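S.K.: Mind looking over this structure? Questions follow.
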Amino acid sequence: MDRAQFYKEVYSITKEIPYGNVFTYGKIAQLIGNPQYSRMVGQALSHAPKEEDLPCHRIVNSQGRLVPSWQKQKELLEKEGITFKRNGCVNMSKHLWDITGSLTSTIGISPTSATWQ
DNA sequence: AGTTTGACTCCCT
DNA sequence: TAGGGAGCCAAAC
């Protein structure tokens, strides 16, 4: 898979994140088939064109550890119904996007190539 | 062409 | 749950 394709997949997945749910960089990378490319996912989103309507604020790091990257997005997430811990860690245990039930045919990803769970 | 940096993740404490 | 360190890849310098 080339880099352009990787970016494309990242954008597609990001756009498919339902309202009130969050997702992680690593999960996306894993979903595409490159679990080690977690950082690239972040970079892909960093130059993601705004006209693409990417809900990048729904993307957080693996465990909701530190801030998602910008603490500003935390407030946006709260508006969507995402709950946070007192310190600011996103409660992704509840709001993590269950992609296994959401189906991935819309983005044209082969479940066989991706090693989820 | 080598070094630094970043919207990361995993492991351990 | 929180915090620090090592590993990771690609782009920027």
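Residues in the structure tokens are named by chain (A, B, ... in the order shown) and by number from 1 within that chain; ligands are numbered from 1 in the order shown.
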Could you list, as a ChimeraX atom specification, the residues of chain C having an atom within 12 Å of chain A when counting only C-alpha atoms (C1' of nucleotides)?

M.R.: /C:1-3,7-11

S.K.: Any chance you can output those residues with C-alpha atoms (C1' of nucleotides) as a short mmCIF file (atom, residue, chain, number, x, y, z; two decimals), in the first residue's frame?

M.R.:
```cif
data_model
loop_
_atom_site.label_atom_id
_atom_site.label_comp_id
_atom_site.auth_asym_id
_atom_site.auth_seq_id
_atom_site.Cartn_x
_atom_site.Cartn_y
_atom_site.Cartn_z
"C1'" DT C 1 -5.53 6.22 36.28
"C1'" DA C 2 -1.24 8.93 35.55
"C1'" DG C 3 3.52 9.60 34.06
"C1'" DG C 7 10.43 2.17 19.57
"C1'" DC C 8 8.28 3.58 15.49
"C1'" DC C 9 7.70 5.94 10.38
"C1'" DA C 10 7.60 9.85 7.41
"C1'" DA C 11 8.23 14.62 6.53
#
```

S.K.: Hey, could you make a per-residue contact list for chain A against chain B with 8 Å as the cut-off, showing the nearest pair of atoms and its distance in Å to one decimal, counting only C-alpha atoms (C1' of nucleotides), sorted by chain and number, as a tab-separated table?

M.R.:
```
residue	atom	partner	partner_atom	distance
A:Tyr25	CA	B:DC8	C1'	7.0
A:Gly26	CA	B:DT9	C1'	7.0
A:Ser38	CA	B:DC8	C1'	5.4
A:Arg39	CA	B:DC8	C1'	4.6
A:Gly42	CA	B:DA7	C1'	5.0
A:Gln43	CA	B:DA7	C1'	6.8
A:Leu45	CA	B:DA7	C1'	7.4
A:Ser46	CA	B:DA7	C1'	6.3
A:Asn61	CA	B:DC8	C1'	6.9
A:Ser62	CA	B:DT9	C1'	6.7
A:Pro68	CA	B:DA7	C1'	7.3
A:Ser69	CA	B:DA7	C1'	5.1
A:Trp70	CA	B:DA7	C1'	7.5
```

S.K.: As a PyMOL selection string, please: every residue in chain A that a backbone DSSP assignment puts in helix (DSSP H, G or I).

M.R.: chain A and resi 3-16+25-32+35-46+50-52+56-58+71-79+92-95+99-102+105-107

S.K.: Report the residues of segment 10-110 of chain A whose backbone DSSP state falls under strand (DSSP E or B), written as a ChimeraX atom specification.

M.R.: /A:22-24,59-60,84,90,96

S.K.: Check the smallest atom-to-atom distance from each of A:Lys8, A:Lys50, A:Arg58, A:Lys27 to Glu78 of chain A using only C-alpha atoms, then report the winner.

M.R.: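 Ranked by minimum distance to Glu78 of chain A, first place goes to A:Arg58.
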
S.K.: How many Å lie between atom CA of Val67 of chain A and atom CA of Arg86 of chain A, rounded to one decimal?

M.R.: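 Distance between the two atoms: 12.5 Å.
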
S.K.: For atom CA of Val41 of chain A and atom CA of Phe6 of chain A, quote the distance in Å rounded to one decimal.

M.R.: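 So the answer is 8.3 Å.
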
S.K.: Could you state the separation of atom CA of Gln30 of chain A and atom CA of Leu96 of chain A in Å, given to one decimal place?

M.R.: 14.7 Å

S.K.: List as an MDAnalysis selection string the protein and nucleic acid residues near Gln63 of chain A, meaning an atom at most 9 Å away when only C-alpha atoms (C1' of nucleotides) are counted, but skip any in the same chain fewer than 6 places from it.

M.R.: chainID A and resid 24 89:93

S.K.: Hey, can you spit out that residue selection with C-alpha atoms as a PDB file, in the first residue's frame?

M.R.:
```pdb
ATOM      1  CA  THR A  24      -7.914   6.087  18.067  1.00  0.00           C
ATOM      2  CA  CYS A  89      -9.087  11.729  30.005  1.00  0.00           C
ATOM      3  CA  VAL A  90     -11.725  10.719  27.521  1.00  0.00           C
ATOM      4  CA  ASN A  91     -13.896   7.846  28.632  1.00  0.00           C
ATOM      5  CA  MET A  92     -13.235   5.871  25.496  1.00  0.00           C
ATOM      6  CA  SER A  93     -14.239   2.669  27.218  1.00  0.00           C
TER       7      SER A  93
END
```
